[in-house]
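Dumped coords-v2.pdb below, it's PDB, C-alpha atoms and all ligand atoms:
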```pdb
ATOM      1  CA  MET A  89     102.877 125.858 102.824  1.00  0.00           C
ATOM      2  CA  ARG A  90     103.366 129.572 103.380  1.00  0.00           C
ATOM      3  CA  VAL A  91     100.401 130.484 101.203  1.00  0.00           C
ATOM      4  CA  PHE A  92      98.245 127.950 103.053  1.00  0.00           C
ATOM      5  CA  TYR A  93      99.241 129.237 106.508  1.00  0.00           C
ATOM      6  CA  ALA A  94      98.858 132.869 105.461  1.00  0.00           C
ATOM      7  CA  ARG A  95      95.269 132.065 104.484  1.00  0.00           C
ATOM      8  CA  ALA A  96      94.639 129.909 107.575  1.00  0.00           C
ATOM      9  CA  PHE A  97      95.959 132.594 109.963  1.00  0.00           C
ATOM     10  CA  GLU A  98      93.602 135.167 108.445  1.00  0.00           C
ATOM     11  CA  ASP A  99      90.565 132.914 108.386  1.00  0.00           C
ATOM     12  CA  PRO A 100      87.711 134.116 110.638  1.00  0.00           C
ATOM     13  CA  LEU A 101      86.722 130.560 111.683  1.00  0.00           C
ATOM     14  CA  ILE A 102      90.131 128.970 112.426  1.00  0.00           C
ATOM     15  CA  GLY A 103      92.750 131.752 112.357  1.00  0.00           C
ATOM     16  CA  TRP A 104      92.455 132.433 116.106  1.00  0.00           C
ATOM     17  CA  LEU A 105      93.349 128.799 116.880  1.00  0.00           C
ATOM     18  CA  PHE A 106      96.782 129.400 115.348  1.00  0.00           C
ATOM     19  CA  THR A 107      97.369 132.981 116.450  1.00  0.00           C
ATOM     20  CA  ASP A 108      95.645 133.258 119.843  1.00  0.00           C
ATOM     21  CA  VAL A 109      95.391 129.716 121.232  1.00  0.00           C
ATOM     22  CA  ALA A 110      98.546 128.024 119.911  1.00  0.00           C
ATOM     23  CA  LYS A 111     100.408 131.342 119.432  1.00  0.00           C
ATOM     24  CA  LEU A 112     102.149 129.532 116.628  1.00  0.00           C
ATOM     25  CA  ASP A 113     105.583 130.699 115.556  1.00  0.00           C
ATOM     26  CA  LEU A 114     105.255 130.125 111.822  1.00  0.00           C
ATOM     27  CA  GLU A 115     109.000 130.081 111.179  1.00  0.00           C
ATOM     28  CA  ALA A 116     109.412 127.260 113.716  1.00  0.00           C
ATOM     29  CA  HIS A 117     106.413 125.417 112.297  1.00  0.00           C
ATOM     30  CA  VAL A 118     107.291 125.498 108.587  1.00  0.00           C
ATOM     31  CA  PRO A 119     110.211 122.993 108.804  1.00  0.00           C
ATOM     32  CA  LYS A 120     108.030 120.484 110.695  1.00  0.00           C
ATOM     33  CA  ILE A 121     105.093 120.752 108.367  1.00  0.00           C
ATOM     34  CA  THR A 122     107.255 120.629 105.234  1.00  0.00           C
ATOM     35  CA  SER A 123     108.949 117.475 106.532  1.00  0.00           C
ATOM     36  CA  PHE A 124     105.493 115.985 107.188  1.00  0.00           C
ATOM     37  CA  TRP A 125     104.374 116.688 103.621  1.00  0.00           C
ATOM     38  CA  GLU A 126     107.630 115.720 101.949  1.00  0.00           C
ATOM     39  CA  THR A 127     107.380 112.377 103.749  1.00  0.00           C
ATOM     40  CA  ILE A 128     103.935 111.814 102.294  1.00  0.00           C
ATOM     41  CA  LEU A 129     104.428 113.343  98.862  1.00  0.00           C
ATOM     42  CA  LEU A 130     108.117 113.001  98.018  1.00  0.00           C
ATOM     43  CA  GLY A 131     109.197 109.843  99.885  1.00  0.00           C
ATOM     44  CA  GLU A 132     111.747 111.807 101.945  1.00  0.00           C
ATOM     45  CA  ARG A 133     111.064 110.008 105.268  1.00  0.00           C
ATOM     46  CA  THR A 134     112.106 112.989 107.353  1.00  0.00           C
ATOM     47  CA  TYR A 135     108.959 113.085 109.526  1.00  0.00           C
ATOM     48  CA  HIS A 136     108.681 110.521 112.276  1.00  0.00           C
ATOM     49  CA  GLY A 137     105.166 111.040 113.582  1.00  0.00           C
ATOM     50  CA  GLY A 138     103.531 112.525 116.574  1.00  0.00           C
ATOM     51  CA  ALA A 139     101.283 114.954 114.693  1.00  0.00           C
ATOM     52  CA  PHE A 140      98.196 113.908 116.616  1.00  0.00           C
ATOM     53  CA  ALA A 141      99.589 114.861 120.036  1.00  0.00           C
ATOM     54  CA  VAL A 142      99.888 118.583 119.279  1.00  0.00           C
ATOM     55  CA  HIS A 143      96.275 118.628 118.120  1.00  0.00           C
ATOM     56  CA  ALA A 144      95.133 116.810 121.278  1.00  0.00           C
ATOM     57  CA  GLU A 145      96.893 119.520 123.263  1.00  0.00           C
ATOM     58  CA  LEU A 146      95.254 122.253 121.201  1.00  0.00           C
ATOM     59  CA  HIS A 147      91.846 120.566 121.633  1.00  0.00           C
ATOM     60  CA  HIS A 148      92.429 120.620 125.386  1.00  0.00           C
ATOM     61  CA  LYS A 149      92.707 124.433 125.225  1.00  0.00           C
ATOM     62  CA  ALA A 150      89.954 125.129 122.673  1.00  0.00           C
ATOM     63  CA  GLU A 151      87.691 122.438 121.279  1.00  0.00           C
ATOM     64  CA  LEU A 152      88.553 121.487 117.682  1.00  0.00           C
ATOM     65  CA  ARG A 153      85.179 120.976 116.022  1.00  0.00           C
ATOM     66  CA  GLN A 154      84.104 119.412 112.770  1.00  0.00           C
ATOM     67  CA  ALA A 155      83.547 122.880 111.270  1.00  0.00           C
ATOM     68  CA  HIS A 156      87.183 123.766 112.040  1.00  0.00           C
ATOM     69  CA  PHE A 157      88.460 120.670 110.239  1.00  0.00           C
ATOM     70  CA  GLU A 158      86.127 121.362 107.315  1.00  0.00           C
ATOM     71  CA  ARG A 159      87.450 124.913 106.996  1.00  0.00           C
ATOM     72  CA  TRP A 160      91.073 123.684 107.308  1.00  0.00           C
ATOM     73  CA  LEU A 161      90.432 121.251 104.451  1.00  0.00           C
ATOM     74  CA  GLN A 162      88.655 123.920 102.380  1.00  0.00           C
ATOM     75  CA  ILE A 163      91.694 126.223 102.627  1.00  0.00           C
ATOM     76  CA  TRP A 164      94.086 123.323 101.943  1.00  0.00           C
ATOM     77  CA  PHE A 165      92.167 122.144  98.854  1.00  0.00           C
ATOM     78  CA  GLY A 166      91.786 125.723  97.589  1.00  0.00           C
ATOM     79  CA  THR A 167      95.498 126.495  98.001  1.00  0.00           C
ATOM     80  CA  ILE A 168      96.550 123.296  96.225  1.00  0.00           C
ATOM     81  CA  ASP A 169      94.105 123.872  93.372  1.00  0.00           C
ATOM     82  CA  ASP A 170      95.380 127.428  92.925  1.00  0.00           C
ATOM     83  CA  MET A 171      99.022 126.328  92.689  1.00  0.00           C
ATOM     84  CA  PHE A 172      99.296 122.696  91.578  1.00  0.00           C
ATOM     85  CA  GLU A 173      97.642 120.014  89.531  1.00  0.00           C
ATOM     86  CA  GLY A 174      98.283 116.344  88.911  1.00  0.00           C
ATOM     87  CA  GLU A 175      98.736 113.145  90.829  1.00  0.00           C
ATOM     88  CA  ARG A 176     100.717 114.486  93.801  1.00  0.00           C
ATOM     89  CA  ALA A 177      98.286 117.353  94.211  1.00  0.00           C
ATOM     90  CA  ASN A 178      95.545 114.740  94.534  1.00  0.00           C
ATOM     91  CA  VAL A 179      97.554 112.718  97.053  1.00  0.00           C
ATOM     92  CA  ALA A 180      98.034 115.890  99.116  1.00  0.00           C
ATOM     93  CA  LYS A 181      94.280 116.407  99.188  1.00  0.00           C
ATOM     94  CA  VAL A 182      93.333 112.766  99.826  1.00  0.00           C
ATOM     95  CA  HIS A 183      95.842 112.298 102.635  1.00  0.00           C
ATOM     96  CA  ALA A 184      94.793 115.514 104.349  1.00  0.00           C
ATOM     97  CA  LEU A 185      91.199 114.298 104.236  1.00  0.00           C
ATOM     98  CA  ARG A 186      92.173 110.993 105.877  1.00  0.00           C
ATOM     99  CA  VAL A 187      94.274 112.632 108.568  1.00  0.00           C
ATOM    100  CA  ALA A 188      91.565 115.230 109.317  1.00  0.00           C
ATOM    101  CA  HIS A 189      88.931 112.490 109.710  1.00  0.00           C
ATOM    102  CA  ALA A 190      91.222 110.379 111.877  1.00  0.00           C
ATOM    103  CA  PHE A 191      92.199 113.345 114.076  1.00  0.00           C
ATOM    104  CA  HIS A 192      88.611 114.459 114.508  1.00  0.00           C
ATOM    105  CA  GLU A 193      87.488 110.960 115.428  1.00  0.00           C
ATOM    106  CA  ARG A 194      90.344 110.398 117.862  1.00  0.00           C
ATOM    107  CA  LEU A 195      89.722 113.780 119.519  1.00  0.00           C
ATOM    108  CA  GLN A 196      86.286 112.609 120.648  1.00  0.00           C
ATOM    109  CA  ASN A 197      88.114 110.644 123.376  1.00  0.00           C
ATOM    110  CA  PHE A 198      90.056 113.689 124.572  1.00  0.00           C
ATOM    111  CA  SER A 199      88.896 116.401 126.879  1.00  0.00           C
ATOM    112  CA  SER A 200      88.212 119.916 125.672  1.00  0.00           C
ATOM    113  CA  PRO A 201      87.058 123.040 127.530  1.00  0.00           C
ATOM    114  CA  ALA A 202      83.498 122.127 126.430  1.00  0.00           C
ATOM    115  CA  ASP A 203      83.600 119.081 128.748  1.00  0.00           C
ATOM    116  CA  GLY A 204      83.919 121.173 131.890  1.00  0.00           C
ATOM    117  CA  VAL A 205      85.718 118.687 134.111  1.00  0.00           C
ATOM    118  CA  SER A 206      88.779 117.064 132.612  1.00  0.00           C
ATOM    119  CA  ALA A 207      88.089 113.635 131.085  1.00  0.00           C
ATOM    120  CA  ALA A 208      91.505 113.010 129.584  1.00  0.00           C
ATOM    121  CA  VAL A 209      92.417 109.477 128.565  1.00  0.00           C
ATOM    122  CA  PRO A 210      96.020 108.319 128.161  1.00  0.00           C
ATOM    123  CA  LEU A 211      97.560 109.400 124.862  1.00  0.00           C
ATOM    124  CA  THR A 212      98.239 106.573 122.441  1.00  0.00           C
ATOM    125  CA  ILE A 213     100.597 107.151 119.531  1.00  0.00           C
ATOM    126  CA  THR A 214      99.715 105.832 116.080  1.00  0.00           C
ATOM    127  CA  GLN A 215     102.655 104.049 114.472  1.00  0.00           C
ATOM    128  CA  HIS A 216     102.148 104.780 110.818  1.00  0.00           C
ATOM    129  CA  GLY A 217     103.889 105.734 107.625  1.00  0.00           C
ATOM    130  CA  PRO A 218     107.204 104.525 106.245  1.00  0.00           C
ATOM    131  CA  SER A 219     109.476 102.512 108.528  1.00  0.00           C
ATOM    132  CA  ASP A 220     113.200 103.029 108.471  1.00  0.00           C
TER     133      ASP A 220
HETATM  134  C1  LIG B   1     103.311 106.714 100.913  1.00  0.00           C
HETATM  135  C2  LIG B   1     102.312 106.432 101.711  1.00  0.00           C
HETATM  136  C3  LIG B   1     102.047 107.114 102.999  1.00  0.00           C
HETATM  137  C4  LIG B   1     102.870 107.855 103.813  1.00  0.00           C
HETATM  138  C5  LIG B   1     104.345 108.174 103.613  1.00  0.00           C
HETATM  139  C6  LIG B   1     102.064 108.286 104.958  1.00  0.00           C
HETATM  140  C7  LIG B   1     102.542 109.061 105.992  1.00  0.00           C
HETATM  141  C8  LIG B   1     101.808 109.461 107.079  1.00  0.00           C
HETATM  142  C9  LIG B   1     102.313 110.239 108.190  1.00  0.00           C
HETATM  143  C10 LIG B   1     103.752 110.721 108.333  1.00  0.00           C
HETATM  144  C11 LIG B   1     101.289 110.428 109.052  1.00  0.00           C
HETATM  145  C12 LIG B   1     101.348 111.189 110.376  1.00  0.00           C
HETATM  146  C13 LIG B   1     101.514 110.191 111.495  1.00  0.00           C
HETATM  147  C14 LIG B   1     101.752 110.868 112.842  1.00  0.00           C
HETATM  148  O1  LIG B   1     102.190 112.006 112.895  1.00  0.00           O
HETATM  149  O2  LIG B   1     101.524 110.216 113.879  1.00  0.00           O
HETATM  150  C15 LIG B   1     100.112 109.786 108.507  1.00  0.00           C
HETATM  151  C16 LIG B   1      98.874 109.754 109.093  1.00  0.00           C
HETATM  152  C17 LIG B   1      97.781 109.081 108.590  1.00  0.00           C
HETATM  153  N1  LIG B   1      97.711 108.375 107.401  1.00  0.00           N
HETATM  154 FE1  LIG B   1      99.229 108.123 106.102  1.00  0.00          FE
HETATM  155  N2  LIG B   1     100.789 107.816 104.810  1.00  0.00           N
HETATM  156  C18 LIG B   1     100.737 107.086 103.639  1.00  0.00           C
HETATM  157  C19 LIG B   1      99.642 106.415 103.117  1.00  0.00           C
HETATM  158  C20 LIG B   1      98.411 106.327 103.748  1.00  0.00           C
HETATM  159  C21 LIG B   1      97.296 105.533 103.252  1.00  0.00           C
HETATM  160  C22 LIG B   1      97.339 104.678 101.977  1.00  0.00           C
HETATM  161  C23 LIG B   1      96.278 105.707 104.143  1.00  0.00           C
HETATM  162  C24 LIG B   1      94.901 105.126 104.183  1.00  0.00           C
HETATM  163  C25 LIG B   1      94.410 104.277 103.274  1.00  0.00           C
HETATM  164  C26 LIG B   1      96.742 106.597 105.179  1.00  0.00           C
HETATM  165  C27 LIG B   1      95.992 107.029 106.239  1.00  0.00           C
HETATM  166  C28 LIG B   1      96.451 107.821 107.281  1.00  0.00           C
HETATM  167  C29 LIG B   1      95.654 108.199 108.439  1.00  0.00           C
HETATM  168  C30 LIG B   1      94.206 107.785 108.712  1.00  0.00           C
HETATM  169  C31 LIG B   1      96.489 108.980 109.243  1.00  0.00           C
HETATM  170  C32 LIG B   1      96.139 109.633 110.595  1.00  0.00           C
HETATM  171  C33 LIG B   1      96.480 108.653 111.696  1.00  0.00           C
HETATM  172  C34 LIG B   1      96.063 109.138 113.071  1.00  0.00           C
HETATM  173  O3  LIG B   1      96.796 109.937 113.661  1.00  0.00           O
HETATM  174  O4  LIG B   1      95.010 108.708 113.564  1.00  0.00           O
HETATM  175  N3  LIG B   1      98.034 106.963 104.896  1.00  0.00           N
HETATM  176  N4  LIG B   1     100.458 109.223 107.313  1.00  0.00           N
HETATM  177  C1  LIG B   2      91.095 122.288 112.785  1.00  0.00           C
HETATM  178  C2  LIG B   2      92.141 121.935 112.082  1.00  0.00           C
HETATM  179  C3  LIG B   2      93.570 122.160 112.494  1.00  0.00           C
HETATM  180  C4  LIG B   2      94.110 123.125 113.305  1.00  0.00           C
HETATM  181  C5  LIG B   2      93.404 124.282 114.000  1.00  0.00           C
HETATM  182  C6  LIG B   2      95.527 122.858 113.395  1.00  0.00           C
HETATM  183  C7  LIG B   2      96.434 123.599 114.113  1.00  0.00           C
HETATM  184  C8  LIG B   2      97.743 123.261 114.327  1.00  0.00           C
HETATM  185  C9  LIG B   2      98.647 123.965 115.207  1.00  0.00           C
HETATM  186  C10 LIG B   2      98.290 125.214 116.024  1.00  0.00           C
HETATM  187  C11 LIG B   2      99.831 123.330 115.178  1.00  0.00           C
HETATM  188  C12 LIG B   2     101.114 123.690 115.932  1.00  0.00           C
HETATM  189  C13 LIG B   2     101.096 123.150 117.307  1.00  0.00           C
HETATM  190  C14 LIG B   2     102.365 123.542 118.041  1.00  0.00           C
HETATM  191  O1  LIG B   2     103.459 123.295 117.529  1.00  0.00           O
HETATM  192  O2  LIG B   2     102.227 124.109 119.120  1.00  0.00           O
HETATM  193  C15 LIG B   2      99.698 122.210 114.247  1.00  0.00           C
HETATM  194  C16 LIG B   2     100.709 121.328 113.942  1.00  0.00           C
HETATM  195  C17 LIG B   2     100.634 120.393 112.922  1.00  0.00           C
HETATM  196  N1  LIG B   2      99.525 120.126 112.162  1.00  0.00           N
HETATM  197 FE1  LIG B   2      97.672 120.909 112.415  1.00  0.00          FE
HETATM  198  N2  LIG B   2      95.832 121.742 112.631  1.00  0.00           N
HETATM  199  C18 LIG B   2      94.674 121.292 112.060  1.00  0.00           C
HETATM  200  C19 LIG B   2      94.538 120.224 111.197  1.00  0.00           C
HETATM  201  C20 LIG B   2      95.591 119.511 110.660  1.00  0.00           C
HETATM  202  C21 LIG B   2      95.493 118.507 109.631  1.00  0.00           C
HETATM  203  C22 LIG B   2      94.192 118.068 108.965  1.00  0.00           C
HETATM  204  C23 LIG B   2      96.766 118.053 109.384  1.00  0.00           C
HETATM  205  C24 LIG B   2      97.267 117.028 108.407  1.00  0.00           C
HETATM  206  C25 LIG B   2      96.758 116.817 107.240  1.00  0.00           C
HETATM  207  C26 LIG B   2      97.656 118.769 110.272  1.00  0.00           C
HETATM  208  C27 LIG B   2      99.020 118.581 110.325  1.00  0.00           C
HETATM  209  C28 LIG B   2      99.849 119.133 111.265  1.00  0.00           C
HETATM  210  C29 LIG B   2     101.243 118.745 111.452  1.00  0.00           C
HETATM  211  C30 LIG B   2     102.015 117.681 110.675  1.00  0.00           C
HETATM  212  C31 LIG B   2     101.743 119.532 112.498  1.00  0.00           C
HETATM  213  C32 LIG B   2     103.178 119.518 113.073  1.00  0.00           C
HETATM  214  C33 LIG B   2     103.250 118.527 114.192  1.00  0.00           C
HETATM  215  C34 LIG B   2     104.646 118.420 114.782  1.00  0.00           C
HETATM  216  O3  LIG B   2     105.058 119.330 115.503  1.00  0.00           O
HETATM  217  O4  LIG B   2     105.315 117.415 114.498  1.00  0.00           O
HETATM  218  N3  LIG B   2      96.905 119.651 111.019  1.00  0.00           N
HETATM  219  N4  LIG B   2      98.418 122.191 113.762  1.00  0.00           N
END
```

Would you encode the structure as structure tokens?
Amino acid sequence: MRVFYARAFEDPLIGWLFTDVAKLDLEAHVPKITSFWETILLGERTYHGGAFAVHAELHHKAELRQAHFERWLQIWFGTIDDMFEGERANVAKVHALRVAHAFHERLQNFSSPADGVSAAVPLTITQHGPSD
């Protein structure tokens, strides 16, 4: 996770979204993102959803475009391939691809600065993943 975010923060295409727009505190973010991934990869069930909402909020401040998601995935795939191999490494890549596609598609219904006037629609939460 730390290697991925170090690369993402430095990336010329998406780094500013983390550092300047979200002003992300990495130390506060790491526990959330590790619980997200351990839920998907290790069956830990510590993450209870809501990942889309923070991206809708980010999109409201600076449009998240297809090229941003593509770069995010490129860094994610590259980091995994540098450090891991095997079945779980593949699941990490496949699930990220699904989530990125779903987020990008859902964001089309949310307003971004590119829209000029606000065209926000009510936020719906996807109920997904393991149930308790
Ligand atoms: C062990 C199996 C799985 C686990 C634990 C899991 C877990 C999760 C979690 C925690 C999220 C984030 C939800 C949120 O924050 O609101 C998510 C999102 C998503 N997952 Fe999975 N997942 C699993 C399998 C799958 C499979 C098999 C598919 C598709 C065939 C899938 C497709 C998606 C998609 C499309 C999203 C994004 C949903 C959205 O926000 O629009 N997942 N998953
Ligand atoms: C253009 C691509 C993306 C950008 C710029 C981005 C940026 C961010 C930022 C800035 C946050 C922190 C928001 C905050 O706490 O204020 C965040 C949270 C998060 N992101 Fe992303 N993200 C992207 C794509 C993805 C994808 C593809 C996934 C999943 C595979 C993902 C998973 C998450 C999760 C799980 C959180 C934590 C949500 C929570 O607080 O529960 N992100 N992202």

> Suppose you want the space between atom CA of His156 of chain A and atom C5 of ligand LIG 1 (chain B); what is it in Å?
Replying inline: 24.7 Å

>> Which residue is closest to ligand LIG 2 (chain B)? Choose from A:Trp104, A:Trp164, A:Phe157, A:Tyr93 and count only C-alpha atoms and all ligand atoms.
In response: A:Phe157

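Closest approach to Val109 of chain A among A:Ile163, A:Ala139, A:Ala190, A:Ala150: A:Ala150, based on only C-alpha atoms.
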
> Taking only C-alpha atoms and all ligand atoms into account, which residues are within 9 Å of ligand LIG 2 (chain B), as a PyMOL selection string?
Replying inline: chain A and resi 96+102-107+109-114+116-125+135-143+145-147+152-161+164+180-181+183-192

May I have the residues from that selection written out with C-alpha atoms, as a compact mmCIF listing (two decimals), keeping the file's coordinate frame?
```txt
# COMPACT_ATOMS: atom_id res chain seq x y z
CA ALA A 96 94.64 129.91 107.58
CA ILE A 102 90.13 128.97 112.43
CA GLY A 103 92.75 131.75 112.36
CA TRP A 104 92.46 132.43 116.11
CA LEU A 105 93.35 128.80 116.88
CA PHE A 106 96.78 129.40 115.35
CA THR A 107 97.37 132.98 116.45
CA VAL A 109 95.39 129.72 121.23
CA ALA A 110 98.55 128.02 119.91
CA LYS A 111 100.41 131.34 119.43
CA LEU A 112 102.15 129.53 116.63
CA ASP A 113 105.58 130.70 115.56
CA LEU A 114 105.26 130.12 111.82
CA ALA A 116 109.41 127.26 113.72
CA HIS A 117 106.41 125.42 112.30
CA VAL A 118 107.29 125.50 108.59
CA PRO A 119 110.21 122.99 108.80
CA LYS A 120 108.03 120.48 110.70
CA ILE A 121 105.09 120.75 108.37
CA THR A 122 107.26 120.63 105.23
CA SER A 123 108.95 117.48 106.53
CA PHE A 124 105.49 115.98 107.19
CA TRP A 125 104.37 116.69 103.62
CA TYR A 135 108.96 113.08 109.53
CA HIS A 136 108.68 110.52 112.28
CA GLY A 137 105.17 111.04 113.58
CA GLY A 138 103.53 112.52 116.57
CA ALA A 139 101.28 114.95 114.69
CA PHE A 140 98.20 113.91 116.62
CA ALA A 141 99.59 114.86 120.04
CA VAL A 142 99.89 118.58 119.28
CA HIS A 143 96.28 118.63 118.12
CA GLU A 145 96.89 119.52 123.26
CA LEU A 146 95.25 122.25 121.20
CA HIS A 147 91.85 120.57 121.63
CA LEU A 152 88.55 121.49 117.68
CA ARG A 153 85.18 120.98 116.02
CA GLN A 154 84.10 119.41 112.77
CA ALA A 155 83.55 122.88 111.27
CA HIS A 156 87.18 123.77 112.04
CA PHE A 157 88.46 120.67 110.24
CA GLU A 158 86.13 121.36 107.32
CA ARG A 159 87.45 124.91 107.00
CA TRP A 160 91.07 123.68 107.31
CA LEU A 161 90.43 121.25 104.45
CA TRP A 164 94.09 123.32 101.94
CA ALA A 180 98.03 115.89 99.12
CA LYS A 181 94.28 116.41 99.19
CA HIS A 183 95.84 112.30 102.64
CA ALA A 184 94.79 115.51 104.35
CA LEU A 185 91.20 114.30 104.24
CA ARG A 186 92.17 110.99 105.88
CA VAL A 187 94.27 112.63 108.57
CA ALA A 188 91.56 115.23 109.32
CA HIS A 189 88.93 112.49 109.71
CA ALA A 190 91.22 110.38 111.88
CA PHE A 191 92.20 113.34 114.08
CA HIS A 192 88.61 114.46 114.51
```

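Here atom C13 of ligand LIG 1 (chain B) is placed at a distance of 12.6 Å from atom CA of Glu126 of chain A.
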
> How far is it from atom CA of Glu175 of chain A to atom C2 of ligand LIG 1 (chain B), in Å with one decimal?
Replying inline: 13.3 Å

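If you measure from each of A:Thr167, A:Thr134, A:Thr127, A:Asn197 to ligand LIG 1 (chain B) using all atoms listed in the file, the closest one turns out to be A:Thr127.
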
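When all atoms listed in the file are used to measure the gap to Val179 of chain A, the shortest distance among A:Phe97, A:Phe92, A:Phe198, A:Phe165 belongs to A:Phe165.
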
Quick one: what's the axis-aligned box for ligand LIG 1 (chain B), all listed atoms, 3 Å on every side, centre and edges in Å to one decimal, as AutoDock Vina command-line options?
```
--center_x 99.3 --center_y 108.1 --center_z 107.4 --size_x 16.1 --size_y 13.7 --size_z 19.0
```

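Shortest separation to Ile128 of chain A among A:Arg176, A:Arg90, A:Leu195, A:Pro201 occurs at residue A:Arg176, atoms counted being all atoms listed in the file.
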
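Evaluated on this file, the PyMOL selection byres (((chain A and resi 202) around 10) and not hetatm) matches His147, His148, Lys149, Ala150, Glu151, Ser199, Ser200, Pro201, Asp203, Gly204, Val205 and Ser206 of chain A.
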
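Among the candidates A:Arg133, A:Gln196, A:Asn178, A:Asp170, the one nearest to His216 of chain A when counting only C-alpha atoms is A:Arg133.
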